[in-house]
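Text of input_0.cif, listed as mmCIF, C-alpha atoms:
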data_coords
loop_
_atom_site.group_PDB
_atom_site.id
_atom_site.type_symbol
_atom_site.label_atom_id
_atom_site.label_comp_id
_atom_site.auth_asym_id
_atom_site.auth_seq_id
_atom_site.Cartn_x
_atom_site.Cartn_y
_atom_site.Cartn_z
ATOM 1 C CA ALA P 1 -14.583 -19.617 8.262
ATOM 2 C CA LYS P 2 -13.295 -18.659 4.828
ATOM 3 C CA MET P 3 -9.648 -19.493 4.123
ATOM 4 C CA ALA P 4 -7.071 -17.055 2.777
ATOM 5 C CA GLU P 5 -6.505 -16.903 -0.978
ATOM 6 C CA GLN P 6 -3.954 -19.623 -1.671
ATOM 7 C CA THR P 7 -2.266 -18.687 -4.942
ATOM 8 C CA GLU P 8 1.364 -19.290 -3.925
ATOM 9 C CA ARG P 9 3.162 -22.614 -3.618
ATOM 10 C CA SER P 10 3.569 -22.202 0.130
ATOM 11 C CA PHE P 11 0.651 -21.930 2.541
ATOM 12 C CA GLN P 12 -0.283 -18.268 3.079
ATOM 13 C CA LYS P 13 -1.305 -17.205 6.584
ATOM 14 C CA GLN P 14 -0.923 -14.287 8.938
ATOM 15 C CA PRO P 15 1.890 -15.064 11.398
ATOM 16 C CA THR P 16 -0.036 -13.428 14.273
ATOM 17 C CA VAL P 17 -3.140 -15.647 13.914
ATOM 18 C CA PHE P 18 -3.402 -19.207 15.215
ATOM 19 C CA LEU P 19 -5.551 -21.262 12.831
ATOM 20 C CA ASN P 20 -5.723 -24.659 14.599
ATOM 21 C CA LYS P 21 -8.338 -23.840 17.215
ATOM 22 C CA LYS P 22 -9.930 -26.683 19.191
ATOM 23 C CA GLN P 23 -13.089 -28.079 17.558
ATOM 24 C CA GLY P 24 -15.816 -27.590 20.190
ATOM 25 C CA ALA P 25 -14.691 -24.255 21.574
ATOM 26 C CA GLY P 26 -16.843 -21.142 21.254
ATOM 27 C CA LYS P 27 -18.272 -19.081 18.446
ATOM 28 C CA LYS P 28 -17.319 -19.141 14.774
ATOM 29 C CA LYS P 29 -15.378 -15.958 14.071
ATOM 30 C CA THR P 30 -13.102 -15.268 11.135
ATOM 31 C CA LEU P 31 -9.619 -14.949 12.567
ATOM 32 C CA ARG P 32 -7.951 -11.884 11.115
ATOM 33 C CA HIS P 33 -5.268 -9.570 12.415
ATOM 34 C CA TYR P 34 -5.606 -5.946 11.294
ATOM 35 C CA PHE P 35 -4.762 -2.555 12.718
ATOM 36 C CA SER P 36 -4.926 1.168 12.025
ATOM 37 C CA VAL P 37 -1.932 2.922 10.473
ATOM 38 C CA GLY P 38 -2.857 6.035 12.478
ATOM 39 C CA LEU P 39 -2.512 9.650 11.229
ATOM 40 C CA GLY P 40 -6.272 9.801 10.551
ATOM 41 C CA PHE P 41 -6.252 7.195 7.753
ATOM 42 C CA LYS P 42 -9.188 4.778 7.768
ATOM 43 C CA THR P 43 -8.535 1.040 7.582
ATOM 44 C CA PRO P 44 -10.282 -0.194 4.391
ATOM 45 C CA ARG P 45 -13.288 -2.567 4.726
ATOM 46 C CA GLU P 46 -11.459 -5.108 2.548
ATOM 47 C CA ALA P 47 -8.548 -5.193 5.023
ATOM 48 C CA ILE P 48 -10.919 -6.052 7.878
ATOM 49 C CA ASN P 49 -13.311 -8.439 6.087
ATOM 50 C CA GLY P 50 -11.088 -9.713 3.246
ATOM 51 C CA THR P 51 -9.229 -13.009 3.070
ATOM 52 C CA TYR P 52 -5.990 -11.889 1.420
ATOM 53 C CA VAL P 53 -2.621 -12.397 3.110
ATOM 54 C CA ASP P 54 0.005 -9.740 2.413
ATOM 55 C CA LYS P 55 2.985 -9.410 4.736
ATOM 56 C CA LYS P 56 3.813 -5.973 3.278
ATOM 57 C CA CYS P 57 0.312 -4.521 3.760
ATOM 58 C CA PRO P 58 0.248 -1.587 6.247
ATOM 59 C CA PHE P 59 -3.166 -2.730 7.595
ATOM 60 C CA THR P 60 -2.677 -6.512 7.938
ATOM 61 C CA GLY P 61 1.052 -7.124 7.525
ATOM 62 C CA ASN P 62 4.334 -6.421 9.262
ATOM 63 C CA VAL P 63 5.042 -2.843 8.087
ATOM 64 C CA HIS P 64 4.597 0.433 9.868
ATOM 65 C CA ILE P 65 4.070 3.835 8.306
ATOM 66 C CA ARG P 66 6.541 6.421 9.565
ATOM 67 C CA GLY P 67 8.269 9.432 8.057
ATOM 68 C CA ARG P 68 6.943 11.155 4.969
ATOM 69 C CA ILE P 69 3.382 11.181 3.609
ATOM 70 C CA LEU P 70 3.257 11.938 -0.137
ATOM 71 C CA SER P 71 0.737 11.801 -2.962
ATOM 72 C CA GLY P 72 0.935 11.010 -6.655
ATOM 73 C CA VAL P 73 -1.006 9.827 -9.708
ATOM 74 C CA VAL P 74 -1.137 6.114 -10.585
ATOM 75 C CA LEU P 75 0.848 5.589 -13.785
ATOM 76 C CA LYS P 76 1.256 1.810 -14.183
ATOM 77 C CA MET P 77 -0.226 -1.263 -12.483
ATOM 78 C CA LYS P 78 1.660 -4.069 -14.218
ATOM 79 C CA MET P 79 3.552 -5.494 -11.234
ATOM 80 C CA MET P 80 2.151 -7.839 -8.613
ATOM 81 C CA ARG P 81 1.032 -5.757 -5.622
ATOM 82 C CA THR P 82 3.261 -2.869 -6.695
ATOM 83 C CA ILE P 83 2.257 0.207 -8.675
ATOM 84 C CA VAL P 84 4.189 3.100 -10.222
ATOM 85 C CA ILE P 85 3.063 6.596 -9.279
ATOM 86 C CA ARG P 86 4.101 9.906 -10.845
ATOM 87 C CA ARG P 87 4.883 12.911 -8.639
ATOM 88 C CA ASP P 88 4.907 16.277 -10.431
ATOM 89 C CA TYR P 89 6.673 19.273 -8.928
ATOM 90 C CA LEU P 90 8.047 22.684 -9.916
ATOM 91 C CA HIS P 91 11.780 23.477 -9.903
ATOM 92 C CA TYR P 92 12.878 27.109 -9.650
ATOM 93 C CA VAL P 93 15.512 28.367 -12.116
ATOM 94 C CA LYS P 94 17.163 31.433 -10.588
ATOM 95 C CA LYS P 95 18.647 32.783 -13.833
ATOM 96 C CA TYR P 96 15.277 33.087 -15.550
ATOM 97 C CA ASN P 97 13.272 33.766 -12.372
ATOM 98 C CA ARG P 98 10.795 31.058 -13.407
ATOM 99 C CA PHE P 99 9.730 27.540 -12.577
ATOM 100 C CA GLU P 100 10.082 24.439 -14.735
ATOM 101 C CA LYS P 101 7.978 21.308 -14.477
ATOM 102 C CA ARG P 102 9.713 18.153 -13.328
ATOM 103 C CA HIS P 103 8.507 14.720 -12.254
ATOM 104 C CA LYS P 104 9.665 11.605 -10.475
ATOM 105 C CA ASN P 105 8.280 8.078 -10.820
ATOM 106 C CA MET P 106 8.054 6.016 -7.629
ATOM 107 C CA SER P 107 7.458 2.324 -7.140
ATOM 108 C CA VAL P 108 4.924 1.911 -4.343
ATOM 109 C CA HIS P 109 3.539 -1.226 -2.686
ATOM 110 C CA CYS P 110 -0.227 -1.476 -3.123
ATOM 111 C CA SER P 111 -2.103 -3.779 -0.762
ATOM 112 C CA PRO P 112 -4.900 -6.023 -2.123
ATOM 113 C CA ALA P 113 -7.216 -3.993 0.158
ATOM 114 C CA PHE P 114 -7.303 -1.366 -2.604
ATOM 115 C CA ARG P 115 -8.872 -3.535 -5.313
ATOM 116 C CA ASP P 116 -10.751 -0.789 -7.183
ATOM 117 C CA LEU P 117 -7.630 1.211 -8.027
ATOM 118 C CA ILE P 118 -7.212 2.264 -11.671
ATOM 119 C CA VAL P 119 -4.621 4.236 -13.662
ATOM 120 C CA GLY P 120 -5.163 7.977 -13.133
ATOM 121 C CA ASP P 121 -6.317 7.784 -9.507
ATOM 122 C CA VAL P 122 -4.579 10.018 -6.968
ATOM 123 C CA VAL P 123 -3.080 7.958 -4.129
ATOM 124 C CA THR P 124 -1.684 8.938 -0.756
ATOM 125 C CA VAL P 125 1.454 7.004 0.154
ATOM 126 C CA GLY P 126 3.275 6.683 3.454
ATOM 127 C CA GLU P 127 6.942 5.945 4.044
ATOM 128 C CA CYS P 128 7.870 2.593 5.535
ATOM 129 C CA ARG P 129 10.971 0.419 5.774
ATOM 130 C CA PRO P 130 12.487 -0.757 2.460
ATOM 131 C CA LEU P 131 10.239 -3.510 1.079
ATOM 132 C CA SER P 132 12.451 -4.260 -1.943
ATOM 133 C CA LYS P 133 15.263 -2.685 -3.975
ATOM 134 C CA THR P 134 13.091 0.223 -5.169
ATOM 135 C CA VAL P 135 10.004 0.188 -2.906
ATOM 136 C CA ARG P 136 10.026 2.317 0.263
ATOM 137 C CA PHE P 137 6.424 3.558 0.294
ATOM 138 C CA ASN P 138 3.010 1.973 0.829
ATOM 139 C CA VAL P 139 -0.439 3.077 -0.430
ATOM 140 C CA ILE P 140 -2.547 4.190 2.538
ATOM 141 C CA GLY P 141 -5.405 6.035 0.817
ATOM 142 C CA ILE P 142 -6.969 6.708 -2.591
ATOM 143 C CA LYS P 143 -8.908 9.584 -4.127
ATOM 144 C CA LYS P 144 -10.927 8.375 -7.127
ATOM 145 C CA THR P 145 -10.868 10.503 -10.279
ATOM 146 C CA GLY P 146 -13.480 10.470 -13.025
#
What would the structure in this file look like if it were written as structure tokens?
Amino acid sequence: AKMAEQTERSFQKQPTVFLNKKQGAGKKKTLRHYFSVGLGFKTPREAINGTYVDKKCPFTGNVHIRGRILSGVVLKMKMMRTIVIRRDYLHYVKKYNRFEKRHKNMSVHCSPAFRDLIVGDVVTVGECRPLSKTVRFNVIGIKKTG
């Protein structure tokens, strides 16, 4: 069995998986806890077969998607496991009977399951509990562009 990627100072493991199985017992199977976020979103192959450990991942960690489902364009990927997305929308100005363009940037947690993400991709994000001061959403799907 392949071990999880150990890049931190403390040992990384999924809290729901017991690693110290008895020696002679049964078949060799990679122990991995994963689940579906529901709402018709597919669990990525990397989440099922991968070796990463991410407690904030909606597929393998301790977060649940509930509330709003939004989409936006990836703007920056300079944080560890967090990306910035841009959401464009139109705001109506009554006086001029027209719309003006506005945008909001959002910090979103991005699981290591989405390795092939690049700036400019359109991502679908789902609301979850607050993961940090600014992060309340989690990437649950990507649409490649270009």
Checklist line | Distance of atom CA of P:Lys56 from atom CA of P:Phe114, expressed in Å to one decimal place | finding: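 So the answer is 13.4 Å.
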Next item on the list: Would you kindly translate the PyMOL selection byres ((chain P and resi 73-79) around 8) into the concrete residues it picks from this file, as a PyMOL selection string?
Entry: chain P and resi 71-72+80-87+118-123
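Within the 8 Å cut-off around P:Ile69, using all atoms listed in the file and omitting residues fewer than 6 positions from it on the same chain, the listed residues are Thr124, Val125, Gly126 and Glu127 of chain P.
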Requested write-out: C-alpha atoms of the selected residues, as a compact mmCIF listing (two decimals), in the coordinates of the input:
# COMPACT_ATOMS: atom_id res chain seq x y z
CA THR P 124 -1.68 8.94 -0.76
CA VAL P 125 1.45 7.00 0.15
CA GLY P 126 3.28 6.68 3.45
CA GLU P 127 6.94 5.94 4.04
Margin query: To one decimal place in Å, what is the distance between atom CA of P:Pro44 and atom CA of P:Ile140?
Written below: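 For atom CA of P:Pro44 relative to atom CA of P:Ile140, the distance reads 9.1 Å.
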Next item on the list: Work out how far atom CA of P:Pro58 is from atom CA of P:Arg45, in Å to one decimal.
Entry: 13.7 Å
As a short mmCIF file (atom, residue, chain, number, x, y, z; two decimals), in the frame of the given file, please: stretch 110-143 of chain P completed to N, CA and C atoms.
data_model
loop_
_atom_site.label_atom_id
_atom_site.label_comp_id
_atom_site.auth_asym_id
_atom_site.auth_seq_id
_atom_site.Cartn_x
_atom_site.Cartn_y
_atom_site.Cartn_z
N CYS P 110 1.22 -1.68 -3.19
CA CYS P 110 -0.23 -1.48 -3.12
C CYS P 110 -0.88 -2.74 -2.59
N SER P 111 -1.46 -2.64 -1.41
CA SER P 111 -2.10 -3.78 -0.76
C SER P 111 -3.34 -4.24 -1.54
N PRO P 112 -3.67 -5.54 -1.49
CA PRO P 112 -4.90 -6.02 -2.12
C PRO P 112 -6.18 -5.41 -1.53
N ALA P 113 -6.06 -4.68 -0.42
CA ALA P 113 -7.22 -3.99 0.16
C ALA P 113 -7.75 -2.93 -0.80
N PHE P 114 -6.89 -2.38 -1.63
CA PHE P 114 -7.30 -1.37 -2.60
C PHE P 114 -7.51 -2.03 -3.96
N ARG P 115 -8.62 -2.76 -4.09
CA ARG P 115 -8.87 -3.54 -5.31
C ARG P 115 -9.35 -2.66 -6.45
N ASP P 116 -10.10 -1.60 -6.14
CA ASP P 116 -10.75 -0.79 -7.18
C ASP P 116 -9.87 0.36 -7.66
N LEU P 117 -8.57 0.19 -7.57
CA LEU P 117 -7.63 1.21 -8.03
C LEU P 117 -7.45 1.11 -9.54
N ILE P 118 -7.45 2.26 -10.23
CA ILE P 118 -7.21 2.26 -11.67
C ILE P 118 -6.18 3.34 -12.01
N VAL P 119 -5.61 3.26 -13.21
CA VAL P 119 -4.62 4.24 -13.66
C VAL P 119 -5.28 5.61 -13.73
N GLY P 120 -4.62 6.62 -13.16
CA GLY P 120 -5.16 7.98 -13.13
C GLY P 120 -5.68 8.40 -11.76
N ASP P 121 -5.88 7.44 -10.86
CA ASP P 121 -6.32 7.78 -9.51
C ASP P 121 -5.19 8.49 -8.75
N VAL P 122 -5.56 9.37 -7.83
CA VAL P 122 -4.58 10.02 -6.97
C VAL P 122 -4.48 9.21 -5.68
N VAL P 123 -3.27 8.77 -5.34
CA VAL P 123 -3.08 7.96 -4.13
C VAL P 123 -2.23 8.71 -3.12
N THR P 124 -2.51 8.44 -1.85
CA THR P 124 -1.68 8.94 -0.76
C THR P 124 -0.79 7.80 -0.32
N VAL P 125 0.50 8.06 -0.22
CA VAL P 125 1.45 7.00 0.15
C VAL P 125 2.21 7.42 1.40
N GLY P 126 2.53 6.43 2.23
CA GLY P 126 3.28 6.68 3.45
C GLY P 126 4.60 5.95 3.43
N GLU P 127 5.62 6.55 4.03
CA GLU P 127 6.94 5.94 4.04
C GLU P 127 6.97 4.78 5.02
N CYS P 128 7.68 3.74 4.65
CA CYS P 128 7.87 2.59 5.54
C CYS P 128 9.30 2.10 5.35
N ARG P 129 9.63 0.98 5.97
CA ARG P 129 10.97 0.42 5.77
C ARG P 129 11.11 -0.05 4.33
N PRO P 130 12.34 -0.25 3.82
CA PRO P 130 12.49 -0.76 2.46
C PRO P 130 11.84 -2.13 2.30
N LEU P 131 10.93 -2.25 1.32
CA LEU P 131 10.24 -3.51 1.08
C LEU P 131 10.91 -4.30 -0.03
N SER P 132 11.68 -3.61 -0.89
CA SER P 132 12.45 -4.26 -1.94
C SER P 132 13.52 -3.27 -2.39
N LYS P 133 14.18 -3.56 -3.51
CA LYS P 133 15.26 -2.68 -3.98
C LYS P 133 14.77 -1.26 -4.22
N THR P 134 13.57 -1.11 -4.80
CA THR P 134 13.09 0.22 -5.17
C THR P 134 11.88 0.70 -4.37
N VAL P 135 11.26 -0.16 -3.59
CA VAL P 135 10.00 0.19 -2.91
C VAL P 135 10.27 0.58 -1.45
N ARG P 136 9.91 1.83 -1.11
CA ARG P 136 10.03 2.32 0.26
C ARG P 136 8.73 2.96 0.75
N PHE P 137 7.70 2.93 -0.06
CA PHE P 137 6.42 3.56 0.29
C PHE P 137 5.28 2.57 0.12
N ASN P 138 4.17 2.84 0.81
CA ASN P 138 3.01 1.97 0.83
C ASN P 138 1.75 2.82 0.62
N VAL P 139 0.82 2.35 -0.22
CA VAL P 139 -0.44 3.08 -0.43
C VAL P 139 -1.26 3.01 0.85
N ILE P 140 -1.71 4.18 1.34
CA ILE P 140 -2.55 4.19 2.54
C ILE P 140 -3.90 4.85 2.31
N GLY P 141 -4.11 5.43 1.12
CA GLY P 141 -5.40 6.04 0.82
C GLY P 141 -5.51 6.35 -0.66
N ILE P 142 -6.76 6.36 -1.18
CA ILE P 142 -6.97 6.71 -2.59
C ILE P 142 -8.06 7.76 -2.74
N LYS P 143 -7.87 8.63 -3.73
CA LYS P 143 -8.91 9.58 -4.13
C LYS P 143 -9.27 9.25 -5.56
#
